[in-house]
Amino acid sequence: MSRCRYRIVLAEGMHDALVQYRNQDLLINMWPALRTLISCDIRDAWESIVPEPTHSTATAT
């Protein structure tokens, strides 16, 4: 899944889409770029549930 498509799922997806398309490894790998493509509110919500090492990596960029 491309970053753009994943951004759409994160930003606009309903619960079913989030469950269907969420991939932890992909989310972790793409997070540094994805976090810059979504709104602050959505980023804050996702960062509150992202595992700590990923959150630390994402905020370092």
# chains A, B, ... in the order shown; residues from 1 in each chain; ligands from 1
call {"tool": "residues_around", "arguments": {"residues": "region 36-38 of chain A", "least_positions_apart": "3", "cutoff": "7 Å", "atoms": "only C-alpha atoms", "output": "number ranges by chain"}}
result
A: 7, 11, 33, 42-43
call {"tool": "write_last_selection", "arguments": {"atoms": "all heavy atoms", "output": "PDB file, in the first residue's frame"}}
result
ATOM      1  N   ARG A   7      -2.319   6.993   4.157  1.00  0.00           N
ATOM      2  CA  ARG A   7      -2.701   8.262   4.775  1.00  0.00           C
ATOM      3  C   ARG A   7      -4.217   8.429   4.722  1.00  0.00           C
ATOM      4  O   ARG A   7      -4.849   8.820   5.692  1.00  0.00           O
ATOM      5  CB  ARG A   7      -2.039   9.449   4.073  1.00  0.00           C
ATOM      6  CG  ARG A   7      -2.370  10.773   4.781  1.00  0.00           C
ATOM      7  CD  ARG A   7      -2.339  11.965   3.850  1.00  0.00           C
ATOM      8  NE  ARG A   7      -3.279  11.921   2.762  1.00  0.00           N
ATOM      9  CZ  ARG A   7      -4.586  12.239   2.846  1.00  0.00           C
ATOM     10  NH1 ARG A   7      -5.123  12.583   3.984  1.00  0.00           N
ATOM     11  NH2 ARG A   7      -5.361  12.194   1.785  1.00  0.00           N
ATOM     12  N   ALA A  11      -6.506   8.809   7.952  1.00  0.00           N
ATOM     13  CA  ALA A  11      -7.178  10.094   8.138  1.00  0.00           C
ATOM     14  C   ALA A  11      -8.690  10.017   7.964  1.00  0.00           C
ATOM     15  O   ALA A  11      -9.426  10.732   8.646  1.00  0.00           O
ATOM     16  CB  ALA A  11      -6.612  11.117   7.160  1.00  0.00           C
ATOM     17  N   ALA A  33       7.160   9.274   7.638  1.00  0.00           N
ATOM     18  CA  ALA A  33       6.616  10.048   6.518  1.00  0.00           C
ATOM     19  C   ALA A  33       5.122  10.285   6.685  1.00  0.00           C
ATOM     20  O   ALA A  33       4.631  11.393   6.435  1.00  0.00           O
ATOM     21  CB  ALA A  33       6.891   9.336   5.198  1.00  0.00           C
ATOM     22  N   ILE A  42      -5.123  13.788  14.223  1.00  0.00           N
ATOM     23  CA  ILE A  42      -5.029  12.373  13.870  1.00  0.00           C
ATOM     24  C   ILE A  42      -3.662  11.834  14.263  1.00  0.00           C
ATOM     25  O   ILE A  42      -3.542  10.751  14.825  1.00  0.00           O
ATOM     26  CB  ILE A  42      -5.313  12.156  12.372  1.00  0.00           C
ATOM     27  CG1 ILE A  42      -6.763  12.522  12.076  1.00  0.00           C
ATOM     28  CG2 ILE A  42      -5.013  10.720  11.964  1.00  0.00           C
ATOM     29  CD1 ILE A  42      -7.099  12.599  10.617  1.00  0.00           C
ATOM     30  N   ARG A  43      -2.605  12.595  14.010  1.00  0.00           N
ATOM     31  CA  ARG A  43      -1.253  12.182  14.389  1.00  0.00           C
ATOM     32  C   ARG A  43      -1.168  11.955  15.896  1.00  0.00           C
ATOM     33  O   ARG A  43      -0.652  10.943  16.354  1.00  0.00           O
ATOM     34  CB  ARG A  43      -0.224  13.217  13.952  1.00  0.00           C
ATOM     35  CG  ARG A  43       1.207  12.792  14.274  1.00  0.00           C
ATOM     36  CD  ARG A  43       2.221  13.823  13.857  1.00  0.00           C
ATOM     37  NE  ARG A  43       2.018  15.043  14.622  1.00  0.00           N
ATOM     38  CZ  ARG A  43       1.895  16.253  14.099  1.00  0.00           C
ATOM     39  NH1 ARG A  43       1.945  16.425  12.789  1.00  0.00           N
ATOM     40  NH2 ARG A  43       1.726  17.299  14.861  1.00  0.00           N
TER      41      ARG A  43
END
call {"tool": "atom_distance", "arguments": {"atom1": "CA of Leu26 (chain A)", "atom2": "CA of Ser39 (chain A)"}}
result
19.4 Å
call {"tool": "residues_around", "arguments": {"residues": "Arg5 (chain A)", "least_positions_apart": "5", "cutoff": "12 Å", "atoms": "only C-alpha atoms", "output": "PyMOL selection string"}}
result
chain A and resi 10-13+17-18+21-22+27+30+34+37-38
